[in-house]
Amino acid sequence: MHDPTRIVPGDPGANVIEARITPPLMAARGLGCVVGGQPLLSGIDLTLQARRRTVVLGPNGAGKSLLLRLLHGLIAPSEGQVLWQGQPMTQAHQQSQAMVFQRPVLLRRSVQANLRFALKVRGFTGRERARRVDEALEMAGLTHLAHRPARVLSGGEQQRLAIARALACGPQMLFLDEPTANLDPAATARIERLIMGAHDQGVTLVMVTHDQGQARRLAQDLIFLQDGRVAEAGRADALWQAPRSEALRAWLEGRLFVTDPR
Amino acid sequence: MHDPTRIVPGDPGANVIEARITPPLMAARGLGCVVGGQPLLSGIDLTLQARRRTVVLGPNGAGKSLLLRLLHGLIAPSEGQVLWQGQPMTQAHQQSQAMVFQRPVLLRRSVQANLRFALKVRGFTGRERARRVDEALEMAGLTHLAHRPARVLSGGEQQRLAIARALACGPQMLFLDEPTANLDPAATARIERLIMGAHDQGVTLVMVTHDQGQARRLAQDLIFLQDGRVAEAGRADALWQAPRSEALRAWLEGRLFVTDPR
Amino acid sequence: MDSLFDILMRAFGLVAAWDGTLSEIVGLSLQVTLTAVAIACVIGLPLGAALGAFRFPGRRGAILITNVLMGLPPVVVGLVVYLMLSASGPMGVLGLLYTPTAMIIAQTLLVTPIIAALSRQVVEDLNAEYAEQFASLGVGRLQRMGALLWDARFSLLTVILAGFGRAVAEVGAVMIVGGNINHVTRVMTTAIALETSKGDLELALALGLVLLGIALVVNVIVMTVRGTAVRAAYA
Amino acid sequence: MDSLFDILMRAFGLVAAWDGTLSEIVGLSLQVTLTAVAIACVIGLPLGAALGAFRFPGRRGAILITNVLMGLPPVVVGLVVYLMLSASGPMGVLGLLYTPTAMIIAQTLLVTPIIAALSRQVVEDLNAEYAEQFASLGVGRLQRMGALLWDARFSLLTVILAGFGRAVAEVGAVMIVGGNINHVTRVMTTAIALETSKGDLELALALGLVLLGIALVVNVIVMTVRGTAVRAAYA
Amino acid sequence: QSTTSTQNSGLFDHLLPIFTEKTGIEVRVVAVGTGQAIRNARNGDGDILFVHAKPVEEAFVADGFGLERFDVMYNDFVIVGPAGDPAGLSGQADVLGAFAALAEAQAPFASRGDDSGTHKAELRLWQAAGLDPQAASGTWYRETGSGMGATLNIAVGMGAYAMTDRATWIAFGNKGSHSIVFEGDPRLFNQYGIIAVNPARHPNVKAELAQQFVDWILSDDGQAAIAAFKVDGQQLFFPNATR
Ligand SMILES: Nc1ncnc2c1ncn2[C@@H]1O[C@H](COP(=O)(O)OP(=O)(O)OP(=O)(O)O)[C@@H](O)[C@H]1O
Ligand SMILES: Nc1ncnc2c1ncn2[C@@H]1O[C@H](COP(=O)(O)OP(=O)(O)OP(=O)(O)O)[C@@H](O)[C@H]1O
Ligand SMILES: [Mg+2]
Ligand SMILES: [Mg+2]
């Protein structure tokens, strides 16, 4: 997977080269994150191809949320770097990404104003913005709550709003950190459909979940994190069939692995 | 279920009466909650028998969290009342209950200090407190994180800490609001075992979940909320087999019911 | 000498007996103070928001300075403004000394650090919650400051009221740069100081109570507006 | 008349030329101010915590009063304390007038509402987050106030520094109740006022800078302690 | 720029309306200590200087900041003290004896201590009496470093003696049980002077208007107005313009 692609300038076989040199949408090279002397993530090498659905699995505290933050550029890595289409990622690239946090952060404003704010930041104005706000409200089933303060929404409603906000911005790449953890079954099914719909329209997805069923439904690629390291990564079908690592096997069986305190 | 129990003073058949008059541990009579003119819950009549495991189900925004708050005495109902062993519930009774919130609220202190604080409030001191802190850390698999600021824990770790804190207080009645939403499968299994263990020791449980598997594993009694009303309530076995309401049937099948915005 | 109570009783009689002068003085007090607080907000709130929301080299030093300047002695501010505006000072040609403008300048200098330092703290606390979401959305610097100030507006009201309290009670600086000139730059506090130095303590006290009354009215208005705003906030 | 810059240059020469008197004055300033701020914290922080954490009848009124009292004019506080402590006043027998104690009392009265009102806001914001968890645990009133104050301690530092700033810069009240008596109750601010009234503006300015220097030192100490505490907070 | 005693006594509130009515010129008073007043005038922040500290005033003129100094009026200093006059000042023949009695009894004495005209006069008297109260500063000799009114408040508050000009005292509202315990010595004579600020030094000063005020206050009209100013039926200032 890490086969370095050399570019030969002026090579006459341009077609062949073009096919080979298209860099992955995003790649992590030797990513590490140390906080207060403690290594929370280390040696993360990843390649995220465009238009793929990647699911990140791993036990609590493995570093999944931290990884998403690093990839999204919210935290500067202690070592290594994140590449966007082969170039070091800059803040400008963040604009074509969106993230739904594990614990949604909503402004102290109405549901509608939360959507409006995000869209305004992303440069949508006037009628287009109003259209997208309405669309997002409907998508999340929150139309009847448009004017309610976002902070008093129920847990599931907040999560739906956060997802709707991220999708409304029309990102090229979408990070989802346990987006359906607090959703009822129907809402979960609906959000999964929306996610698939976004994917159909070309959005690259990276999603954390603890729900094995969901992972099986959605994953094309799989990353399994354990203790801040990539324990396993690859095509989902292959890994579901035959997990190579003991870690993933244990997780799939719901067995406690390393962090069992007893 | 609402058969009023009359007490006849001085009745010679004391034994019989005693058996009949043992009031339920908790009961809600005509509970309603109106916020800003909006009725969020209404006409809730419930009886929660001691030492039973009750699971509350319902779509997002149905009012499950609100119901738990009302029962736990965190919010004064707009109408109706909550009875504790047949008496209007007072703040003193709260001391024999504990609640794990959907979104854990942790103090800006270390993991260990969070536990210590809760135990101190509940009157544990000295060695007994230290013992319970250690026990709770181990129970939640957080021993290695005892000195970490609670606010930087991962989502799942925070949830585990909140559960450990509630259990450490040794409550008679425990409210759990989607306690395993952010937990990995192994931790979920473990927490379910702990919950069952607590139940074996006589704790009365009221738990909200969106996980049908979990509900089937844990529920003895079932309450299904829909749009702020009890759509269905009763023995779990019976309802799994034959849901009487269309609402519960739809929920069990993962179909969108009322709140489908399309 | 009489008891405190007697004094207070008579004090109101004295104030009541004042002619139109009182309303003139009250009006000037309000004009100077409210203008100064408004300017201090225009400068101090964005400054506080910037210090609270962004990490940049020298940030700690800047925070330290705003905190220290909360202890700026009014007399010193008065002197500096005096020296600047004095006929022989660098801005003497403007002829601003002993005018309400000079008083506004002095009070603005006093109140701005207070509003900056306190709003920095409020914004910083809120930013701890919003920062990642804002970064993810790619919220620009100005938008970010604006959103933080807006979402913290109810907490910031207390900060602004603290600034108002400092300004309305302030005497040292306005005395020096205003000169306490009757009908021109006499405000409540300088009038109180004058009556005190005349030994007319009852009147001084009575004027002090009037000043507190003014502060009360301003606070009640602010609280009422706030109450209305809270209700309308999510419309 | 010389430029502002020249004045500043010469000012330091003047301060340097002062004899031991300066350290005497600085010492008294610090003693009075720090004591007053300490007392104001002991009263104001619990008061602010109670107002921020509990709902009770009259709460809105009490908050309004603390907010209004942030605008308490120093001269009025000075007068009231003067009248109380004056030989013919109700507490005249104590003989406290024109002593540092009287100055501490006056400054405490001035600073307490500031600390109460601002800490109320800080605690209220934190309580919005903690309230339900505390109620669920059954945290008692005192424990609750304690926990809120403790968990908000870093934000409250700014509040306390605001109180310190007000106290250390204050001149009106301490002048009246202290009397600015040489070697007894002369503090930095009253010395500055005196030099100003003598027309010795250079010296006044220089003393003002010394005062700011004191505030700087106090702030640096507080920031350093805070930094250390943050690092040790989770031990 | 004026000294505080004139403002506190209400003299300006009496004089200025008369002058304004006559000439249509509005006069603004900035009342500060004599030292500050002179300093402000040196900066050109006033058009007229109206104070009582003759040597400094003469220096002000000599340095070219002022045009010419004129005597305007005088009042006199008095010594006020607590009821019963514990140090026995009232029995003294002259002011030097009174000061000696103060030092003898170590009676609390509130001095302005602010280089004001009154303070300078007081220091001259101590010197004439051959005493150095500075040595006792902080004990019975209290240097208040405040204006006249504040110093009187302090004297009343702690039962101390104080030297003040008669005008301030008569108009003073917070006398408590204090009263005048010594007065009448010619050495307690307090001369007020007026100086127009030199427009050559400070072109911004309104020299013409200032001169009009100076002329008026020295005129018979102005002098009569001063003499007519009474508080509680007592004349506070005695015009003595020599022009
Ligand atoms: N600022 C920080 N300081 C110290 N430790 C941190 C910090 N942030 C995160 N951690 C630790 O890093 C580890 C990984 O956190 P992360 O949130 O990435 O876990 P996660 O895989 O998302 O877990 P979960 O499934 O519970 O959400 C956790 O043990 C957490 O306590
Ligand atoms: N203070 C409030 N003001 C207005 N509406 C509120 C308030 N608190 C809750 N609500 C509304 O009440 C409804 C029920 O909220 P609740 O949190 O009980 O839902 P829930 O059943 O727990 O849902 P979830 O499964 O998403 O957690 C929601 O629609 C919510 O928006
Ligand atoms: Mg996570
Ligand atoms: Mg809920």
# chains A, B, ... in the order shown; residues from 1 in each chain; ligands from 1
>>> residues_around(residues="C:Val217", least_positions_apart="2", cutoff="12 Å", atoms="only C-alpha atoms", output="mmCIF file with N, CA and C atoms, in the first residue's frame")
data_model
loop_
_atom_site.group_PDB
_atom_site.id
_atom_site.type_symbol
_atom_site.label_atom_id
_atom_site.label_comp_id
_atom_site.auth_asym_id
_atom_site.auth_seq_id
_atom_site.Cartn_x
_atom_site.Cartn_y
_atom_site.Cartn_z
ATOM 1 N N LEU C 30 -23.895 60.871 33.265
ATOM 2 C CA LEU C 30 -24.345 59.769 32.417
ATOM 3 C C LEU C 30 -23.710 59.855 31.039
ATOM 4 N N VAL C 210 -27.753 59.559 45.273
ATOM 5 C CA VAL C 210 -28.305 59.834 43.947
ATOM 6 C C VAL C 210 -27.490 59.080 42.889
ATOM 7 N N LEU C 211 -26.162 59.107 43.058
ATOM 8 C CA LEU C 211 -25.299 58.419 42.098
ATOM 9 C C LEU C 211 -25.604 56.931 42.068
ATOM 10 N N LEU C 212 -25.771 56.367 43.264
ATOM 11 C CA LEU C 212 -26.119 54.949 43.317
ATOM 12 C C LEU C 212 -27.473 54.710 42.661
ATOM 13 N N GLY C 213 -28.361 55.682 42.838
ATOM 14 C CA GLY C 213 -29.664 55.569 42.196
ATOM 15 C C GLY C 213 -29.531 55.528 40.684
ATOM 16 N N ILE C 214 -28.644 56.361 40.170
ATOM 17 C CA ILE C 214 -28.400 56.349 38.722
ATOM 18 C C ILE C 214 -27.887 54.975 38.295
ATOM 19 N N ALA C 215 -26.918 54.481 39.065
ATOM 20 C CA ALA C 215 -26.360 53.162 38.736
ATOM 21 C C ALA C 215 -27.464 52.115 38.784
ATOM 22 N N ASN C 219 -28.621 49.721 35.751
ATOM 23 C CA ASN C 219 -28.605 48.267 35.910
ATOM 24 C C ASN C 219 -29.967 47.647 35.649
ATOM 25 N N VAL C 220 -31.005 48.308 36.132
ATOM 26 C CA VAL C 220 -32.346 47.763 35.922
ATOM 27 C C VAL C 220 -32.669 47.748 34.433
ATOM 28 N N ILE C 221 -32.292 48.823 33.748
ATOM 29 C CA ILE C 221 -32.543 48.857 32.301
ATOM 30 C C ILE C 221 -31.799 47.709 31.619
ATOM 31 N N VAL C 222 -30.531 47.552 31.982
ATOM 32 C CA VAL C 222 -29.738 46.488 31.361
ATOM 33 C C VAL C 222 -30.355 45.119 31.640
ATOM 34 N N MET C 223 -30.755 44.900 32.899
ATOM 35 C CA MET C 223 -31.340 43.608 33.266
ATOM 36 C C MET C 223 -32.631 43.356 32.508
ATOM 37 N N THR C 224 -33.412 44.407 32.351
ATOM 38 C CA THR C 224 -34.687 44.252 31.657
ATOM 39 C C THR C 224 -34.456 43.919 30.191
ATOM 40 N N LEU D 64 -28.939 42.130 41.419
ATOM 41 C CA LEU D 64 -29.018 43.527 41.001
ATOM 42 C C LEU D 64 -28.209 44.402 41.947
ATOM 43 N N ILE D 65 -28.373 44.146 43.242
ATOM 44 C CA ILE D 65 -27.675 44.975 44.222
ATOM 45 C C ILE D 65 -26.160 44.823 44.082
ATOM 46 N N ASN D 67 -24.542 44.057 41.472
ATOM 47 C CA ASN D 67 -24.140 44.743 40.241
ATOM 48 C C ASN D 67 -24.103 46.253 40.438
ATOM 49 N N VAL D 68 -25.126 46.780 41.104
ATOM 50 C CA VAL D 68 -25.174 48.229 41.333
ATOM 51 C C VAL D 68 -24.005 48.656 42.216
ATOM 52 N N GLY D 71 -20.684 49.962 41.311
ATOM 53 C CA GLY D 71 -20.538 51.391 41.036
ATOM 54 C C GLY D 71 -20.577 52.245 42.294
#
>>> interface_residues(of="chain E", to="chain C", cutoff="8 Å", atoms="only C-alpha atoms", output="list in words")
Asn8, Ser9, Arg28, Val29, Val30, Ala31, Asn43, Gly44, Asp45, Gly147, Met148, Gly149, Ala150, Leu152, Asn153, Thr168, Ala171, Phe172, Gly173, Asn174, Lys175, Gly176, Ser177, His202 and Asn204 of chain E
>>> residues_near_ligand(ligand="ligand 1", cutoff="9 Å", atoms="only C-alpha atoms and all ligand atoms", output="NGL selection string")
(:A and (34-36 or 38-41 or 57-69 or 102 or 177-178 or 208-210 or 225-228)) or (:B and (145 or 148-160 or 182-184))
>>> write_last_selection(atoms="N, CA and C atoms", output="CSV table (one decimal), in the first residue's frame")
chain,number,residue,atom,x,y,z
A,34,VAL,N,1.9,13.0,21.1
A,34,VAL,CA,2.3,12.9,22.5
A,34,VAL,C,1.7,14.0,23.3
A,35,VAL,N,1.0,13.7,24.4
A,35,VAL,CA,0.5,14.8,25.3
A,35,VAL,C,1.0,14.6,26.6
A,36,GLY,N,1.6,15.6,27.2
A,36,GLY,CA,2.2,15.5,28.5
A,36,GLY,C,3.1,14.4,28.7
A,38,GLN,N,3.0,11.6,27.4
A,38,GLN,CA,2.4,10.3,27.1
A,38,GLN,C,2.1,10.1,25.6
A,39,PRO,N,2.6,9.1,25.0
A,39,PRO,CA,2.4,8.8,23.6
A,39,PRO,C,1.0,8.3,23.5
A,40,LEU,N,0.1,9.1,22.9
A,40,LEU,CA,-1.3,8.6,22.7
A,40,LEU,C,-1.6,7.9,21.4
A,41,LEU,N,-0.8,8.4,20.4
A,41,LEU,CA,-0.8,7.7,19.1
A,41,LEU,C,0.6,7.6,18.6
A,57,LEU,N,-12.2,1.2,13.9
A,57,LEU,CA,-12.7,0.4,15.0
A,57,LEU,C,-11.6,0.4,16.1
A,58,GLY,N,-12.0,0.0,17.3
A,58,GLY,CA,-11.0,-0.1,18.3
A,58,GLY,C,-11.7,0.1,19.7
A,59,PRO,N,-11.1,-0.4,20.7
A,59,PRO,CA,-11.7,-0.3,22.1
A,59,PRO,C,-11.6,1.2,22.5
A,60,ASN,N,-12.4,1.4,23.6
A,60,ASN,CA,-12.4,2.8,24.2
A,60,ASN,C,-11.0,3.2,24.6
A,61,GLY,N,-10.6,4.4,24.2
A,61,GLY,CA,-9.3,5.0,24.6
A,61,GLY,C,-8.2,4.5,23.6
A,62,ALA,N,-8.6,3.8,22.5
A,62,ALA,CA,-7.6,3.4,21.6
A,62,ALA,C,-6.9,4.6,20.8
A,63,GLY,N,-7.7,5.6,20.7
A,63,GLY,CA,-7.2,6.8,20.0
A,63,GLY,C,-7.9,7.1,18.7
A,64,LYS,N,-9.1,6.6,18.6
A,64,LYS,CA,-9.9,6.8,17.4
A,64,LYS,C,-10.3,8.3,17.2
A,65,SER,N,-10.8,8.9,18.2
A,65,SER,CA,-11.2,10.3,18.1
A,65,SER,C,-10.0,11.1,17.9
A,66,LEU,N,-8.9,10.8,18.6
A,66,LEU,CA,-7.7,11.6,18.4
A,66,LEU,C,-7.2,11.5,16.9
A,67,LEU,N,-7.3,10.3,16.4
A,67,LEU,CA,-6.8,10.1,15.0
A,67,LEU,C,-7.7,11.0,14.0
A,68,LEU,N,-9.0,10.9,14.2
A,68,LEU,CA,-9.8,11.8,13.4
A,68,LEU,C,-9.4,13.3,13.5
A,69,ARG,N,-9.1,13.7,14.7
A,69,ARG,CA,-8.7,15.1,14.9
A,69,ARG,C,-7.4,15.4,14.2
A,102,GLN,N,-17.8,13.3,18.4
A,102,GLN,CA,-18.4,12.3,19.3
A,102,GLN,C,-19.4,13.0,20.2
A,177,ASP,N,-17.6,10.7,14.0
A,177,ASP,CA,-17.1,10.0,15.2
A,177,ASP,C,-18.3,9.5,16.0
A,178,GLU,N,-18.6,8.2,15.8
A,178,GLU,CA,-19.8,7.5,16.5
A,178,GLU,C,-21.0,8.4,16.3
A,208,VAL,N,-16.0,6.4,12.8
A,208,VAL,CA,-15.8,5.6,13.9
A,208,VAL,C,-17.1,5.0,14.4
A,209,THR,N,-17.1,3.8,14.8
A,209,THR,CA,-18.3,3.2,15.4
A,209,THR,C,-17.9,2.1,16.3
A,210,HIS,N,-18.8,1.8,17.3
A,210,HIS,CA,-18.7,0.6,18.1
A,210,HIS,C,-19.7,-0.4,17.7
A,225,LEU,N,-7.7,0.2,15.5
A,225,LEU,CA,-6.7,0.8,16.4
A,225,LEU,C,-6.7,0.1,17.7
A,226,GLN,N,-5.5,0.0,18.3
A,226,GLN,CA,-5.4,-0.6,19.6
A,226,GLN,C,-4.2,0.1,20.3
A,227,ASP,N,-4.5,0.7,21.5
A,227,ASP,CA,-3.4,1.3,22.2
A,227,ASP,C,-2.6,2.3,21.4
A,228,GLY,N,-3.3,3.1,20.6
A,228,GLY,CA,-2.6,4.1,19.9
A,228,GLY,C,-1.9,3.7,18.7
B,145,LEU,N,-5.7,5.2,34.5
B,145,LEU,CA,-6.0,6.6,34.2
B,145,LEU,C,-6.4,7.4,35.4
B,148,ARG,N,-5.5,11.0,35.5
B,148,ARG,CA,-5.7,11.8,34.3
B,148,ARG,C,-6.9,12.8,34.5
B,149,PRO,N,-6.8,14.0,34.0
B,149,PRO,CA,-8.0,14.9,34.1
B,149,PRO,C,-9.2,14.3,33.5
B,150,ALA,N,-10.3,14.2,34.2
B,150,ALA,CA,-11.5,13.5,33.7
B,150,ALA,C,-11.9,14.1,32.3
B,151,ARG,N,-11.7,15.4,32.1
B,151,ARG,CA,-12.2,16.0,30.9
B,151,ARG,C,-11.5,15.6,29.7
B,152,VAL,N,-10.3,15.0,29.8
B,152,VAL,CA,-9.6,14.7,28.5
B,152,VAL,C,-9.8,13.2,28.2
B,153,LEU,N,-10.6,12.5,29.0
B,153,LEU,CA,-10.8,11.1,28.7
B,153,LEU,C,-11.5,10.9,27.4
B,154,SER,N,-11.4,9.8,26.8
B,154,SER,CA,-12.2,9.5,25.6
B,154,SER,C,-13.6,9.4,25.9
B,155,GLY,N,-14.5,9.5,24.9
B,155,GLY,CA,-15.9,9.4,25.2
B,155,GLY,C,-16.3,8.2,26.0
B,156,GLY,N,-15.8,7.1,25.6
B,156,GLY,CA,-16.2,5.8,26.3
B,156,GLY,C,-15.6,5.8,27.7
B,157,GLU,N,-14.4,6.3,27.9
B,157,GLU,CA,-13.8,6.3,29.2
B,157,GLU,C,-14.7,7.2,30.1
B,158,GLN,N,-15.1,8.3,29.6
B,158,GLN,CA,-16.0,9.2,30.4
B,158,GLN,C,-17.2,8.5,30.8
B,159,GLN,N,-17.8,7.8,29.9
B,159,GLN,CA,-19.1,7.1,30.2
B,159,GLN,C,-18.8,6.1,31.3
B,160,ARG,N,-17.7,5.4,31.1
B,160,ARG,CA,-17.4,4.3,32.1
B,160,ARG,C,-17.2,5.0,33.5
B,182,ASN,N,-21.5,4.8,24.0
B,182,ASN,CA,-20.2,5.1,23.5
B,182,ASN,C,-19.2,4.0,23.8
B,183,LEU,N,-19.7,2.9,24.3
B,183,LEU,CA,-18.7,1.8,24.8
B,183,LEU,C,-18.4,0.8,23.7
B,184,ASP,N,-17.2,0.3,23.7
B,184,ASP,CA,-16.8,-0.8,22.8
B,184,ASP,C,-17.6,-2.0,23.2
>>> closest_residue(among="B:Asp200, B:Thr125, B:Thr47, B:Ala181", to="ligand 3", atoms="only C-alpha atoms and all ligand atoms")
B:Ala181
>>> atom_distance(atom1="atom CA of A:Val100", atom2="atom CA of A:Ala162")
6.0 Å
>>> residues_around(residues="D:Cys41", least_positions_apart="2", cutoff="9 Å", atoms="only C-alpha atoms", output="ChimeraX atom specification")
/D:36-39,43-46,111-112,115-116,160,163
>>> closest_residue(among="A:Thr143, A:Arg193, A:Arg229, A:Val206", to="ligand 2", atoms="only C-alpha atoms and all ligand atoms")
A:Thr143
>>> select_by_dssp(residues="stretch 5-199 of chain E", states="alpha helix (DSSP H)", output="PyMOL selection string")
chain E and resi 5-9+11-23+34-42+54-62+95-105+117-128+148-158+166-171
>>> residues_around(residues="B:Glu253", least_positions_apart="4", cutoff="10 Å", atoms="only C-alpha atoms", output="list in words")
Pro185 and Ala186 of chain A; Gln212, Leu248 and Arg249 of chain B
>>> write_last_selection(atoms="N, CA and C atoms", output="compact mmCIF listing (two decimals), in the first residue's frame")
# COMPACT_ATOMS: atom_id res chain seq x y z
N PRO A 185 -33.27 3.37 16.52
CA PRO A 185 -33.01 2.49 15.37
C PRO A 185 -33.45 3.11 14.05
N ALA A 186 -34.60 3.75 14.06
CA ALA A 186 -35.08 4.32 12.81
C ALA A 186 -34.17 5.45 12.34
N GLN B 212 -31.51 -2.59 20.77
CA GLN B 212 -32.56 -3.58 20.97
C GLN B 212 -32.02 -4.84 21.62
N LEU B 248 -44.62 0.62 19.18
CA LEU B 248 -43.55 -0.28 19.58
C LEU B 248 -43.21 -1.24 18.45
N ARG B 249 -44.26 -1.69 17.76
CA ARG B 249 -44.02 -2.61 16.65
C ARG B 249 -43.10 -1.95 15.61
>>> select_by_dssp(residues="stretch 52-197 of chain B", states="strand (DSSP E)", output="list in words")
Arg53, Thr54, Val55, Val56, Leu57, Glu79, Gly80, Gln81, Val82, Leu83, Trp84, Gln87, Pro88, Gln97, Ala98, Met99, Val100, Met173, Leu174, Phe175, Leu176 and Asp177 of chain B
>>> atom_distance(atom1="atom CA of C:Gly172", atom2="atom CA of D:Leu209")
16.1 Å
>>> atom_distance(atom1="atom CA of A:Leu107", atom2="atom CA of A:Met26")
29.5 Å
